[in-house]
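> mmCIF, C-alpha atoms and all ligand atoms, file data_16.cif:
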data_my_file
#
loop_
_atom_site.label_atom_id
_atom_site.label_comp_id
_atom_site.auth_asym_id
_atom_site.auth_seq_id
_atom_site.Cartn_x
_atom_site.Cartn_y
_atom_site.Cartn_z
CA MET A 18 -22.83 8.27 -11.28
CA GLU A 19 -22.13 5.45 -13.68
CA THR A 20 -18.60 4.04 -13.56
CA SER A 21 -17.05 2.93 -16.87
CA ILE A 22 -14.38 0.26 -16.65
CA TYR A 23 -11.94 0.08 -19.57
CA LYS A 24 -9.71 -2.96 -19.98
CA MET A 25 -6.18 -2.06 -20.99
CA GLY A 26 -4.08 -4.07 -23.46
CA ASN A 27 -0.95 -5.75 -22.20
CA CYS A 28 1.78 -3.71 -23.81
CA ALA A 29 0.36 -0.50 -25.24
CA ALA A 30 -2.29 1.45 -23.38
CA ASP A 31 -5.59 1.72 -25.13
CA ASP A 32 -5.17 5.36 -26.15
CA ALA A 33 -8.84 6.06 -26.70
CA ALA A 34 -9.74 5.07 -23.13
CA VAL A 35 -6.71 6.75 -21.60
CA SER A 36 -7.52 9.89 -23.55
CA LYS A 37 -11.06 9.91 -22.12
CA ALA A 38 -9.58 9.43 -18.65
CA ALA A 39 -7.04 12.21 -19.27
CA ASN A 40 -9.88 14.58 -20.15
CA VAL A 41 -11.62 13.74 -16.89
CA ILE A 42 -8.41 14.55 -14.96
CA LYS A 43 -7.95 17.80 -16.91
CA SER A 44 -11.44 18.92 -16.05
CA GLY A 45 -10.97 18.28 -12.33
CA GLY A 46 -12.50 14.79 -12.07
CA LEU A 47 -11.32 11.46 -10.66
CA VAL A 48 -9.89 8.39 -12.44
CA ALA A 49 -8.71 5.10 -10.93
CA PHE A 50 -5.68 3.65 -12.69
CA PRO A 51 -3.19 0.80 -12.26
CA THR A 52 0.36 1.28 -11.02
CA GLU A 53 2.97 -1.39 -10.32
CA THR A 54 2.25 -1.26 -6.56
CA VAL A 55 -1.54 -0.89 -6.10
CA TYR A 56 -4.34 0.91 -7.98
CA GLY A 57 -4.41 4.69 -7.49
CA LEU A 58 -7.32 7.15 -7.38
CA GLY A 59 -6.07 10.11 -9.40
CA ALA A 60 -6.88 13.79 -9.73
CA ASP A 61 -5.04 16.91 -10.94
CA ALA A 62 -2.48 17.47 -8.14
CA CYS A 63 -2.37 21.23 -8.76
CA ASN A 64 -6.14 21.74 -8.61
CA PRO A 65 -7.33 22.12 -4.99
CA GLU A 66 -10.96 21.32 -5.83
CA ALA A 67 -9.94 18.12 -7.61
CA ALA A 68 -7.78 17.03 -4.67
CA LYS A 69 -10.74 17.59 -2.34
CA LYS A 70 -12.84 15.20 -4.42
CA ILE A 71 -10.35 12.41 -3.67
CA TYR A 72 -10.88 12.78 0.08
CA GLU A 73 -14.61 12.79 -0.44
CA ALA A 74 -14.72 9.67 -2.64
CA LYS A 75 -12.47 7.67 -0.31
CA GLY A 76 -13.90 8.99 2.94
CA ARG A 77 -10.31 9.88 3.80
CA PRO A 78 -9.39 12.20 6.69
CA SER A 79 -8.25 15.53 5.20
CA ASP A 80 -5.01 15.62 7.22
CA ASN A 81 -3.72 12.58 5.32
CA PRO A 82 -1.65 13.90 2.39
CA LEU A 83 -1.61 12.49 -1.15
CA ILE A 84 1.27 11.24 -3.28
CA VAL A 85 1.94 13.26 -6.45
CA HIS A 86 2.66 11.00 -9.43
CA ILE A 87 4.96 12.30 -12.16
CA ALA A 88 5.95 10.90 -15.55
CA GLU A 89 9.36 12.51 -16.03
CA PHE A 90 12.18 13.48 -13.72
CA LYS A 91 11.92 17.15 -14.69
CA ASP A 92 8.40 17.24 -13.21
CA LEU A 93 10.04 17.01 -9.78
CA ALA A 94 11.58 20.47 -10.15
CA TYR A 95 8.12 21.87 -10.98
CA ILE A 96 6.80 21.09 -7.49
CA ALA A 97 9.99 21.06 -5.36
CA LYS A 98 11.30 24.03 -3.42
CA GLU A 99 14.61 22.56 -4.46
CA VAL A 100 15.60 19.12 -5.67
CA PRO A 101 17.90 17.53 -3.09
CA LYS A 102 21.02 15.76 -4.39
CA LYS A 103 19.85 12.56 -2.70
CA ALA A 104 16.52 12.76 -4.57
CA SER A 105 18.37 12.86 -7.90
CA LEU A 106 20.52 9.90 -6.89
CA LEU A 107 17.52 7.86 -5.73
CA ALA A 108 15.51 8.78 -8.82
CA LYS A 109 18.34 7.59 -11.02
CA ALA A 110 18.50 4.29 -9.16
CA PHE A 111 14.80 3.52 -8.55
CA TRP A 112 12.51 5.62 -10.78
CA PRO A 113 10.27 4.74 -12.39
CA GLY A 114 9.48 2.42 -9.50
CA PRO A 115 7.97 1.77 -6.06
CA LEU A 116 9.72 4.59 -4.20
CA THR A 117 8.03 7.76 -2.90
CA MET A 118 10.20 10.67 -1.78
CA ILE A 119 9.15 13.45 0.59
CA ILE A 120 10.69 16.84 -0.20
CA HIS A 121 9.87 20.51 0.52
CA LYS A 122 7.15 21.78 -1.82
CA ASN A 123 6.75 25.04 -3.71
CA ASN A 124 3.57 27.02 -4.46
CA ASN A 125 2.62 24.92 -7.48
CA VAL A 126 1.27 22.29 -5.07
CA PRO A 127 -1.81 23.37 -3.11
CA TYR A 128 -2.18 22.53 0.57
CA GLU A 129 -5.29 20.51 -0.28
CA THR A 130 -2.95 17.98 -1.90
CA THR A 131 -0.44 17.87 0.96
CA GLY A 132 -2.95 17.81 3.82
CA GLY A 133 -1.72 21.24 4.92
CA LEU A 134 1.98 20.25 5.01
CA ASP A 135 4.89 22.21 3.49
CA THR A 136 6.32 18.98 2.18
CA VAL A 137 5.12 16.87 -0.73
CA ALA A 138 5.33 13.14 -1.50
CA VAL A 139 6.40 12.36 -5.08
CA ARG A 140 6.65 9.14 -7.06
CA MET A 141 7.20 8.13 -10.69
CA PRO A 142 5.20 4.92 -11.19
CA ASP A 143 6.56 2.08 -13.31
CA HIS A 144 3.40 1.32 -15.26
CA PHE A 145 2.70 2.28 -18.85
CA VAL A 146 -0.97 3.14 -18.20
CA ALA A 147 -0.13 5.41 -15.27
CA ARG A 148 2.64 7.19 -17.15
CA ARG A 149 0.52 7.60 -20.29
CA LEU A 150 -2.36 9.02 -18.24
CA ILE A 151 -0.08 11.60 -16.64
CA GLN A 152 1.39 12.55 -20.00
CA MET A 153 -1.92 12.78 -21.85
CA SER A 154 -3.60 14.81 -19.10
CA GLY A 155 -0.76 17.32 -19.03
CA CYS A 156 -1.19 17.33 -15.23
CA LEU A 157 0.69 15.84 -12.33
CA ILE A 158 -1.61 13.32 -10.69
CA ALA A 159 -2.28 13.18 -6.96
CA ALA A 160 -3.26 9.63 -6.10
CA PRO A 161 -3.76 7.69 -2.94
CA SER A 162 -4.53 3.99 -3.14
CA ALA A 163 -7.95 3.55 -4.78
CA ASN A 164 -9.68 1.83 -1.83
CA ALA A 165 -12.35 3.24 0.43
CA SER A 166 -10.55 4.61 3.48
CA GLY A 167 -9.90 1.77 5.94
CA ARG A 168 -10.09 -1.10 3.45
CA PRO A 169 -7.16 -3.06 2.00
CA SER A 170 -5.52 -1.37 -1.02
CA PRO A 171 -6.78 -2.62 -4.40
CA THR A 172 -4.58 -4.96 -6.38
CA LEU A 173 -7.28 -5.64 -9.02
CA ALA A 174 -9.68 -3.28 -10.85
CA GLU A 175 -12.53 -5.33 -9.33
CA HIS A 176 -11.40 -4.20 -5.86
CA VAL A 177 -11.64 -0.58 -6.97
CA ALA A 178 -15.12 -1.17 -8.36
CA GLU A 179 -16.18 -2.78 -5.06
CA ASP A 180 -15.10 0.29 -3.07
CA LEU A 181 -15.63 3.20 -5.45
CA GLY A 182 -18.09 1.98 -8.09
CA GLY A 183 -20.78 4.63 -8.62
CA LYS A 184 -18.57 7.33 -7.09
CA ILE A 185 -16.05 7.86 -9.92
CA PRO A 186 -16.56 8.04 -13.69
CA ILE A 187 -13.66 5.87 -14.92
CA ILE A 188 -11.58 2.87 -13.85
CA LEU A 189 -8.69 1.87 -16.12
CA ASP A 190 -8.32 -1.89 -15.70
CA GLY A 191 -4.74 -3.08 -16.09
CA GLY A 192 -5.32 -6.49 -14.50
CA GLU A 193 -3.50 -7.62 -11.38
CA VAL A 194 -0.71 -5.31 -10.18
CA GLY A 195 2.87 -6.53 -10.08
CA ILE A 196 3.94 -5.76 -6.51
CA GLY A 197 0.76 -5.61 -4.42
CA LEU A 198 2.01 -3.45 -1.53
CA GLU A 199 2.29 0.35 -1.55
CA SER A 200 5.58 2.08 -2.36
CA THR A 201 8.40 2.60 0.13
CA ILE A 202 8.26 6.17 1.46
CA ILE A 203 11.50 7.97 2.28
CA ASP A 204 11.53 11.42 3.87
CA LEU A 205 14.41 13.48 2.48
CA THR A 206 13.60 16.56 4.55
CA GLU A 207 15.26 14.97 7.60
CA GLU A 208 18.99 15.32 8.14
CA ILE A 209 19.29 11.56 7.96
CA PRO A 210 16.68 10.27 5.47
CA LEU A 211 13.89 8.45 7.23
CA ILE A 212 11.78 5.54 5.95
CA LEU A 213 8.16 6.38 6.78
CA ARG A 214 6.67 3.27 5.18
CA PRO A 215 8.54 0.06 4.28
CA GLY A 216 8.01 -1.39 0.80
CA TYR A 217 9.65 -3.23 -2.04
CA ILE A 218 12.68 -0.89 -2.02
CA THR A 219 14.40 -1.86 1.22
CA LYS A 220 16.60 0.10 3.63
CA ALA A 221 19.68 -1.76 2.39
CA MET A 222 18.88 -0.87 -1.23
CA LEU A 223 18.48 2.81 -0.30
CA GLU A 224 21.67 2.88 1.77
CA ARG A 225 23.67 1.53 -1.14
CA ILE A 226 22.80 4.73 -3.04
CA ILE A 227 22.71 7.51 -0.41
CA GLY A 228 24.44 6.19 2.70
CA GLU A 229 22.82 6.16 6.13
CA VAL A 230 19.04 5.84 6.28
CA LYS A 231 16.89 5.45 9.41
CA THR A 232 13.47 3.87 9.87
CA ASP A 233 10.69 5.81 11.59
CA PRO A 234 10.41 4.22 15.06
CA GLY A 235 6.65 4.80 14.85
CA ILE A 236 6.26 2.07 12.21
CA LEU A 237 8.54 -0.50 13.83
CA ALA A 238 6.95 -0.47 17.24
CA ALA A 239 3.95 -2.74 17.54
CA GLY A 240 1.49 0.00 18.41
CA ASP A 241 3.25 0.97 21.63
CA GLY A 242 2.36 4.63 21.40
CA VAL A 243 5.22 5.97 19.23
CA ARG A 244 3.50 8.16 16.62
CA PRO A 245 4.46 7.49 13.00
CA LYS A 246 5.52 10.56 10.98
CA ALA A 247 3.46 9.75 7.85
CA PRO A 248 -0.08 10.76 8.82
CA GLY A 249 -1.51 7.77 6.94
CA MET A 250 0.47 5.25 8.97
CA LYS A 251 -1.38 6.06 12.17
CA TYR A 252 -4.76 4.85 10.94
CA ARG A 253 -5.82 1.23 11.31
CA HIS A 254 -6.19 0.66 7.66
CA TYR A 255 -5.42 -2.04 5.12
CA ALA A 256 -7.95 -3.71 7.34
CA PRO A 257 -10.46 -6.47 6.69
CA ARG A 258 -13.86 -6.31 8.40
CA ALA A 259 -13.12 -9.34 10.59
CA SER A 260 -10.91 -9.10 13.62
CA LEU A 261 -7.38 -10.18 12.62
CA THR A 262 -4.70 -11.51 14.95
CA VAL A 263 -1.12 -12.22 13.90
CA VAL A 264 0.44 -15.20 15.64
CA ASN A 265 4.18 -15.03 15.93
CA GLY A 266 6.63 -17.78 16.85
CA ASN A 267 7.92 -21.20 15.91
CA LYS A 268 6.15 -23.14 13.19
CA GLU A 269 4.68 -25.90 15.36
CA ALA A 270 3.68 -23.51 18.12
CA VAL A 271 1.96 -21.18 15.67
CA ILE A 272 -0.02 -24.04 14.11
CA ARG A 273 -0.97 -25.40 17.54
CA LYS A 274 -2.05 -21.96 18.80
CA ILE A 275 -4.06 -21.07 15.70
CA ASN A 276 -5.86 -24.43 15.77
CA GLU A 277 -6.59 -24.02 19.46
CA LEU A 278 -8.05 -20.53 18.89
CA THR A 279 -9.94 -21.77 15.85
CA ASP A 280 -11.66 -24.52 17.85
CA LYS A 281 -12.59 -22.05 20.56
CA MET A 282 -14.08 -19.55 18.11
CA ARG A 283 -15.93 -22.18 16.11
CA ALA A 284 -17.47 -23.50 19.30
CA LYS A 285 -18.89 -20.00 19.74
CA GLY A 286 -20.36 -20.18 16.24
CA LYS A 287 -17.79 -17.84 14.66
CA LYS A 288 -16.56 -18.27 11.10
CA VAL A 289 -12.77 -18.56 11.25
CA GLY A 290 -10.31 -17.66 8.48
CA VAL A 291 -6.63 -18.64 8.59
CA ILE A 292 -3.82 -17.06 6.58
CA GLY A 293 -1.14 -19.70 6.13
CA THR A 294 1.57 -20.56 3.63
CA ASP A 295 2.01 -23.49 1.24
CA GLU A 296 4.18 -25.21 3.87
CA THR A 297 1.53 -25.08 6.60
CA ALA A 298 -1.93 -24.59 5.07
CA LYS A 299 -2.93 -28.27 5.35
CA ALA A 300 -2.28 -28.28 9.10
CA TYR A 301 -5.04 -25.74 9.89
CA ARG A 302 -8.64 -26.46 10.81
CA GLY A 303 -10.25 -23.06 10.01
CA ASP A 304 -13.49 -22.74 8.02
CA MET A 305 -11.46 -21.00 5.34
CA VAL A 306 -7.72 -21.57 5.09
CA LEU A 307 -5.98 -19.46 2.44
CA SER A 308 -2.30 -19.73 1.54
CA LEU A 309 -0.28 -16.66 0.67
CA GLY A 310 2.11 -18.89 -1.27
CA ALA A 311 5.47 -20.49 -0.59
CA ARG A 312 7.36 -18.85 2.26
CA GLU A 313 10.55 -18.42 0.22
CA ASP A 314 8.70 -16.49 -2.52
CA GLU A 315 7.95 -13.26 -0.71
CA ASP A 316 7.08 -11.42 -3.93
CA VAL A 317 4.07 -13.69 -4.37
CA ILE A 318 3.12 -13.31 -0.71
CA ALA A 319 3.22 -9.51 -1.07
CA ARG A 320 1.10 -9.61 -4.23
CA ARG A 321 -1.58 -11.81 -2.65
CA LEU A 322 -1.93 -10.30 0.81
CA TYR A 323 -4.59 -7.63 0.18
CA ARG A 324 -6.53 -9.86 -2.15
CA ILE A 325 -6.74 -12.54 0.52
CA LEU A 326 -7.83 -10.03 3.17
CA ARG A 327 -10.62 -8.95 0.84
CA GLU A 328 -11.57 -12.54 0.13
CA PHE A 329 -12.16 -13.14 3.84
CA ASP A 330 -14.48 -10.12 3.83
CA GLU A 331 -16.40 -11.50 0.90
CA ARG A 332 -16.73 -14.89 2.56
CA GLU A 333 -17.79 -13.18 5.76
CA ALA A 334 -15.14 -14.39 8.17
CA ASP A 335 -15.69 -13.21 11.74
CA VAL A 336 -12.14 -13.73 12.92
CA ILE A 337 -8.87 -14.26 11.06
CA TYR A 338 -5.57 -15.68 12.33
CA SER A 339 -2.38 -15.17 10.36
CA GLU A 340 1.18 -16.42 10.48
CA SER A 341 3.87 -13.72 10.69
CA PHE A 342 6.62 -12.59 8.29
CA GLU A 343 9.71 -10.83 9.50
CA THR A 344 12.61 -10.89 7.07
CA GLN A 345 14.60 -7.78 6.26
CA GLY A 346 13.52 -7.85 2.61
CA ILE A 347 9.93 -7.29 1.46
CA GLY A 348 8.97 -9.45 4.46
CA GLN A 349 9.28 -6.33 6.59
CA ALA A 350 6.69 -4.52 4.44
CA ILE A 351 4.41 -7.57 4.49
CA MET A 352 4.60 -7.71 8.29
CA ASN A 353 4.06 -3.93 8.57
CA ARG A 354 0.82 -4.18 6.54
CA LEU A 355 -0.35 -7.28 8.42
CA LEU A 356 0.20 -5.59 11.77
CA LYS A 357 -1.71 -2.51 10.61
CA ALA A 358 -4.54 -4.70 9.34
CA ALA A 359 -4.57 -6.43 12.71
CA GLY A 360 -4.60 -3.13 14.60
CA HIS A 361 -1.38 -4.54 16.16
CA GLN A 362 -3.08 -7.55 17.76
CA VAL A 363 -0.20 -10.00 18.03
CA LEU A 364 0.07 -13.24 19.95
CA ASP A 365 3.59 -14.36 20.66
CA VAL A 366 4.03 -18.10 21.16
CA THR A 367 7.80 -18.37 20.85
CA GLU A 368 8.16 -20.05 24.26
CA TYR A 369 6.64 -23.32 22.99
CA GLY A 370 9.84 -24.34 21.16
CA GLY A 371 10.09 -26.06 17.78
CA SER A 372 11.55 -24.86 14.49
CA LYS A 373 11.35 -21.16 13.68
CA ILE A 374 8.64 -20.17 11.20
CA VAL A 375 10.47 -17.19 9.66
O1 LIG B 401 2.32 2.72 -3.98
C1 LIG B 401 1.81 3.78 -3.61
O2 LIG B 401 2.45 4.65 -3.02
C2 LIG B 401 0.32 3.99 -3.94
C3 LIG B 401 0.19 4.13 -5.47
C4 LIG B 401 -1.20 4.48 -5.90
O3 LIG B 401 1.13 5.03 -5.95
N1 LIG B 401 -0.19 5.15 -3.28
C5 LIG B 401 -0.41 5.18 -1.94
O4 LIG B 401 -0.98 6.36 -1.48
O5 LIG B 401 -0.15 4.26 -1.20
P1 LIG B 401 -1.68 6.50 -0.06
O6 LIG B 401 -2.32 7.82 -0.10
O7 LIG B 401 -2.53 5.34 0.18
O8 LIG B 401 -0.50 6.56 0.95
C6 LIG B 401 0.30 7.72 1.02
C7 LIG B 401 1.04 7.74 2.32
C8 LIG B 401 0.15 8.08 3.49
O9 LIG B 401 0.54 7.28 4.61
C9 LIG B 401 0.48 9.55 3.75
O10 LIG B 401 0.25 9.92 5.07
C10 LIG B 401 1.94 9.61 3.37
O11 LIG B 401 2.02 8.79 2.23
N2 LIG B 401 2.36 10.97 2.95
C11 LIG B 401 1.98 11.65 1.85
N3 LIG B 401 2.54 12.88 1.82
C12 LIG B 401 3.29 12.98 2.94
C13 LIG B 401 4.10 14.01 3.50
N4 LIG B 401 4.26 15.18 2.89
N5 LIG B 401 4.72 13.77 4.68
C14 LIG B 401 4.58 12.56 5.30
N6 LIG B 401 3.82 11.55 4.82
C15 LIG B 401 3.19 11.75 3.66
MG MG B 402 -3.68 3.93 1.10
#
Do you think you could lay out the structure here as structure tokens?


Amino acid sequence: METSIYKMGNCAADDAAVSKAANVIKSGGLVAFPTETVYGLGADACNPEAAKKIYEAKGRPSDNPLIVHIAEFKDLAYIAKEVPKKASLLAKAFWPGPLTMIIHKNNNVPYETTGGLDTVAVRMPDHFVARRLIQMSGCLIAAPSANASGRPSPTLAEHVAEDLGGKIPIILDGGEVGIGLESTIIDLTEEIPLILRPGYITKAMLERIIGEVKTDPGILAAGDGVRPKAPGMKYRHYAPRASLTVVNGNKEAVIRKINELTDKMRAKGKKVGVIGTDETAKAYRGDMVLSLGAREDEDVIARRLYRILREFDEREADVIYSESFETQGIGQAIMNRLLKAAGHQVLDVTEYGGSKIV
């Protein structure tokens, strides 16, 4: 299959291209499109055959449910068994935006979309191309991130083309995404709402609107056997091809450890990549040292993370070492994705002393 890539204008979507894409969705096909978080791979959420095609194109396990993207708040009532009060409050505060809510579904959503679950994940994206595509197709759009299963989520249309080129008819190219990490997921079917995936909307932001919120212990624990509730969080994905280790601790100790490991690996003929920050990048001796940006600008770090993981793949790194990020803001989401990419390989070097890196 030939994949057409259409570049979108900056402020108004190119209606001709979006209309072509909308027709593909209507007729049960797949379209990759930009959102503010990462690129999505969309299909008609209410068409079971279309949803199946998503799993096929991504190579995604069929028990991993999809997020349904809507363009207007009233669309929520179309797929919800009932709209919880807390969903309305959160929608008012954060939609359109990087927040996905899990609620009980009704029969308008097929089980193919929800991976067999009676609940459905819903999000209203804050991106004019995504919203226009939903509106023009007249469908609700089921969309996981538009990467091949197991690879880092795409933050550029080029990433989508790398993973899905030849497998889907259309990619709408909206340039680099704004946020770069997937949406926060909150499960409203629990008595106390539960964060299943950390993201740009933090626990504190959610609690300001709806009171107490908990975080799924399965995503906090560093792979110690507690099972995460969101099926997708159990897979080692967001992952580069090289083996990635996160090194945690004080700044000097982290630099010393990473350099020590780098020398060892290079002596074995391995190509070593290092993920540092503007403050530290010059201190590393890796074959490829990439900076995520300045430590105090976590938005930039979030936006660059997946792109940098992909860059190491392209440059054929064998092993990658990364600094760690642990603040309560978006830093928590950055660290969550890094740990998943690393398959929870973490080296703790805090005992060496020195000034704290985070
Ligand atoms: O930012 C985002 O959310 C992006 C853009 C494209 O909107 N989408 C995205 O989708 O990240 P995906 O499929 O890569 O991740 C969806 C996550 C998976 O971990 C999945 O298991 C979880 O949401 N999920 C979906 N429906 C669920 C449900 N009913 N119960 C629990 N977890 C659910
Ligand atoms: Mg994904």

> So, with only C-alpha atoms and all ligand atoms as the atoms that count, which of A:Val289, A:Ile272, A:Met118, A:Ile22 lies closest to ligand LIG 401 (chain B)?

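Going through A:Val289, A:Ile272, A:Met118, A:Ile22 one by one, the smallest distance to ligand LIG 401 (chain B) is for A:Met118.
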
> Calculated over only C-alpha atoms, which of the candidates A:Leu93, A:Val126, A:Ala159, A:Ile84 has the smallest distance to Ala67 (chain A)?

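The closest residue to Ala67 (chain A) is A:Ala159.
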
> Just how far from atom C7 of ligand LIG 401 (chain B) is CA of Gly249 (chain A), in Å to one decimal?

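Between CA of Gly249 (chain A) and atom C7 of ligand LIG 401 (chain B) the gap works out to 5.3 Å.
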
> To check your reading of the model: which residues sit at most 8 Å from ligand LIG 401 (chain B) when counting all atoms listed in the file? Write the answer as a ChimeraX atom specification.

/A:51-58,81-84,86,115-117,119-120,131-132,134-140,142,160-163,170,198-202,204,213-214,246-251

> What is the distance between CA of Asp314 (chain A) and CA of Thr232 (chain A), in Å to one decimal?

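So the answer is 24.3 Å.
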
> Need to verify the contact set: Phe50 (chain A), 8 Å, only C-alpha atoms, exclusion of same-chain residues closer than 4 positions in sequence. Can you return it as number ranges by chain?

A: 56-59, 146-147, 188-191

> Would you pick out the contacts of Lys69 (chain A) at 9 Å or less, using all atoms listed in the file, so that residues sharing its chain but fewer than 5 positions from it are not included, and give the list as number ranges by chain?

A: 64, 74, 79, 129-130

> I want to know what sits within 8 Å of Val363 (chain A), based on all atoms listed in the file, with residues of the same chain fewer than 3 positions away left out; could you give that as a compact mmCIF listing (two decimals) with C-alpha atoms, in the frame of the given file?


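So selection.txt came out as:
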# COMPACT_ATOMS: atom_id res chain seq x y z
CA THR A 262 -4.70 -11.51 14.95
CA VAL A 263 -1.12 -12.22 13.90
CA VAL A 264 0.44 -15.20 15.64
CA ASN A 265 4.18 -15.03 15.93
CA LEU A 356 0.20 -5.59 11.77
CA ALA A 359 -4.57 -6.43 12.71

> Write out as a VMD selection string which residues come within 8 Å of Arg320 (chain A) when counting all atoms listed in the file, dropping same-chain ones fewer than 2 positions away.

chain A and resid 172 194 to 198 316 to 318 322 to 324

> Could you pull the residues within 9 Å of Val271 (chain A), counting all atoms listed in the file, minus those fewer than 3 positions along the same chain, as a PyMOL selection string?

chain A and resi 264-268+274-276+340+365-367+369+374

> When you draw a straight line from CA of Cys63 (chain A) to CA of Asn124 (chain A), how long is it in Å?

9.3 Å

> Which residue out of A:Ala256, A:Ala178, A:Met282, A:Ala60 has the minimum interatomic distance to ligand MG 402 (chain B) when only C-alpha atoms and all ligand atoms are used?

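Going through A:Ala256, A:Ala178, A:Met282, A:Ala60 one by one, the smallest distance to ligand MG 402 (chain B) is for A:Ala256.
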
> Between A:Gly286, A:Pro127, A:Gly167, A:Pro113, which residue has the minimum interatomic distance to ligand MG 402 (chain B), considering all atoms listed in the file?

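For ligand MG 402 (chain B), the nearest of the candidates is A:Gly167.
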
> Could you work out an axis-aligned bounding box for all listed atoms of region 150-155 of chain A, with 5 Å added on each of the six sides, and give its centre and edge lengths in Å to one decimal, as lines of an AutoDock Vina configuration file?


center_x = -1.1
center_y = 13.2
center_z = -19.2
size_x = 15.0
size_y = 18.3
size_z = 15.2

> Would you be able to write out as a ChimeraX atom specification which residues have an atom within 8 Å of (5.1, 25.4, -6.2) in the file's coordinates, counting all atoms listed in the file?

/A:95-98,122-127

> Write the selection just made, keeping C-alpha atoms, as a PDB file, in the coordinates of the input?


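Saved to again-v7.pdb:
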ATOM      1  CA  TYR A  95       8.120  21.870 -10.980  1.00  0.00           C
ATOM      2  CA  ILE A  96       6.800  21.090  -7.490  1.00  0.00           C
ATOM      3  CA  ALA A  97       9.990  21.060  -5.360  1.00  0.00           C
ATOM      4  CA  LYS A  98      11.300  24.030  -3.420  1.00  0.00           C
ATOM      5  CA  LYS A 122       7.150  21.780  -1.820  1.00  0.00           C
ATOM      6  CA  ASN A 123       6.750  25.040  -3.710  1.00  0.00           C
ATOM      7  CA  ASN A 124       3.570  27.020  -4.460  1.00  0.00           C
ATOM      8  CA  ASN A 125       2.620  24.920  -7.480  1.00  0.00           C
ATOM      9  CA  VAL A 126       1.270  22.290  -5.070  1.00  0.00           C
ATOM     10  CA  PRO A 127      -1.810  23.370  -3.110  1.00  0.00           C
TER      11      PRO A 127
END

> Please rebuild region 105-116 of chain A with N, CA, C and O atoms and return the result as a PDB file, keeping the file's coordinate frame.


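Okay, rebuild_22.pdb is ready:
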ATOM      1  N   SER A 105      17.902  13.160  -6.536  1.00  0.00           N
ATOM      2  CA  SER A 105      18.370  12.860  -7.900  1.00  0.00           C
ATOM      3  C   SER A 105      19.026  11.491  -7.943  1.00  0.00           C
ATOM      4  O   SER A 105      18.791  10.711  -8.875  1.00  0.00           O
ATOM      5  N   LEU A 106      19.831  11.197  -6.919  1.00  0.00           N
ATOM      6  CA  LEU A 106      20.520   9.900  -6.890  1.00  0.00           C
ATOM      7  C   LEU A 106      19.514   8.749  -6.789  1.00  0.00           C
ATOM      8  O   LEU A 106      19.613   7.747  -7.510  1.00  0.00           O
ATOM      9  N   LEU A 107      18.522   8.922  -5.910  1.00  0.00           N
ATOM     10  CA  LEU A 107      17.520   7.860  -5.730  1.00  0.00           C
ATOM     11  C   LEU A 107      16.659   7.697  -6.971  1.00  0.00           C
ATOM     12  O   LEU A 107      16.295   6.587  -7.360  1.00  0.00           O
ATOM     13  N   ALA A 108      16.331   8.833  -7.602  1.00  0.00           N
ATOM     14  CA  ALA A 108      15.510   8.780  -8.820  1.00  0.00           C
ATOM     15  C   ALA A 108      16.249   7.993  -9.899  1.00  0.00           C
ATOM     16  O   ALA A 108      15.665   7.162 -10.599  1.00  0.00           O
ATOM     17  N   LYS A 109      17.537   8.265 -10.005  1.00  0.00           N
ATOM     18  CA  LYS A 109      18.340   7.590 -11.020  1.00  0.00           C
ATOM     19  C   LYS A 109      18.353   6.073 -10.763  1.00  0.00           C
ATOM     20  O   LYS A 109      18.266   5.269 -11.686  1.00  0.00           O
ATOM     21  N   ALA A 110      18.416   5.711  -9.497  1.00  0.00           N
ATOM     22  CA  ALA A 110      18.500   4.290  -9.160  1.00  0.00           C
ATOM     23  C   ALA A 110      17.139   3.587  -9.219  1.00  0.00           C
ATOM     24  O   ALA A 110      17.043   2.440  -9.642  1.00  0.00           O
ATOM     25  N   PHE A 111      16.065   4.255  -8.791  1.00  0.00           N
ATOM     26  CA  PHE A 111      14.800   3.520  -8.550  1.00  0.00           C
ATOM     27  C   PHE A 111      13.578   4.016  -9.312  1.00  0.00           C
ATOM     28  O   PHE A 111      12.519   3.402  -9.214  1.00  0.00           O
ATOM     29  N   TRP A 112      13.670   5.132 -10.025  1.00  0.00           N
ATOM     30  CA  TRP A 112      12.510   5.620 -10.780  1.00  0.00           C
ATOM     31  C   TRP A 112      12.645   5.276 -12.235  1.00  0.00           C
ATOM     32  O   TRP A 112      13.764   5.374 -12.757  1.00  0.00           O
ATOM     33  N   PRO A 113      11.590   4.953 -12.959  1.00  0.00           N
ATOM     34  CA  PRO A 113      10.270   4.740 -12.390  1.00  0.00           C
ATOM     35  C   PRO A 113      10.272   3.499 -11.488  1.00  0.00           C
ATOM     36  O   PRO A 113      10.936   2.515 -11.814  1.00  0.00           O
ATOM     37  N   GLY A 114       9.506   3.566 -10.391  1.00  0.00           N
ATOM     38  CA  GLY A 114       9.480   2.420  -9.500  1.00  0.00           C
ATOM     39  C   GLY A 114       8.806   2.713  -8.173  1.00  0.00           C
ATOM     40  O   GLY A 114       8.338   3.830  -7.945  1.00  0.00           O
ATOM     41  N   PRO A 115       8.781   1.692  -7.279  1.00  0.00           N
ATOM     42  CA  PRO A 115       7.970   1.770  -6.060  1.00  0.00           C
ATOM     43  C   PRO A 115       8.622   2.544  -4.912  1.00  0.00           C
ATOM     44  O   PRO A 115       8.725   2.043  -3.801  1.00  0.00           O
ATOM     45  N   LEU A 116       9.097   3.752  -5.223  1.00  0.00           N
ATOM     46  CA  LEU A 116       9.720   4.590  -4.200  1.00  0.00           C
ATOM     47  C   LEU A 116       9.089   5.977  -4.220  1.00  0.00           C
ATOM     48  O   LEU A 116       9.032   6.622  -5.264  1.00  0.00           O
TER      49      LEU A 116
END
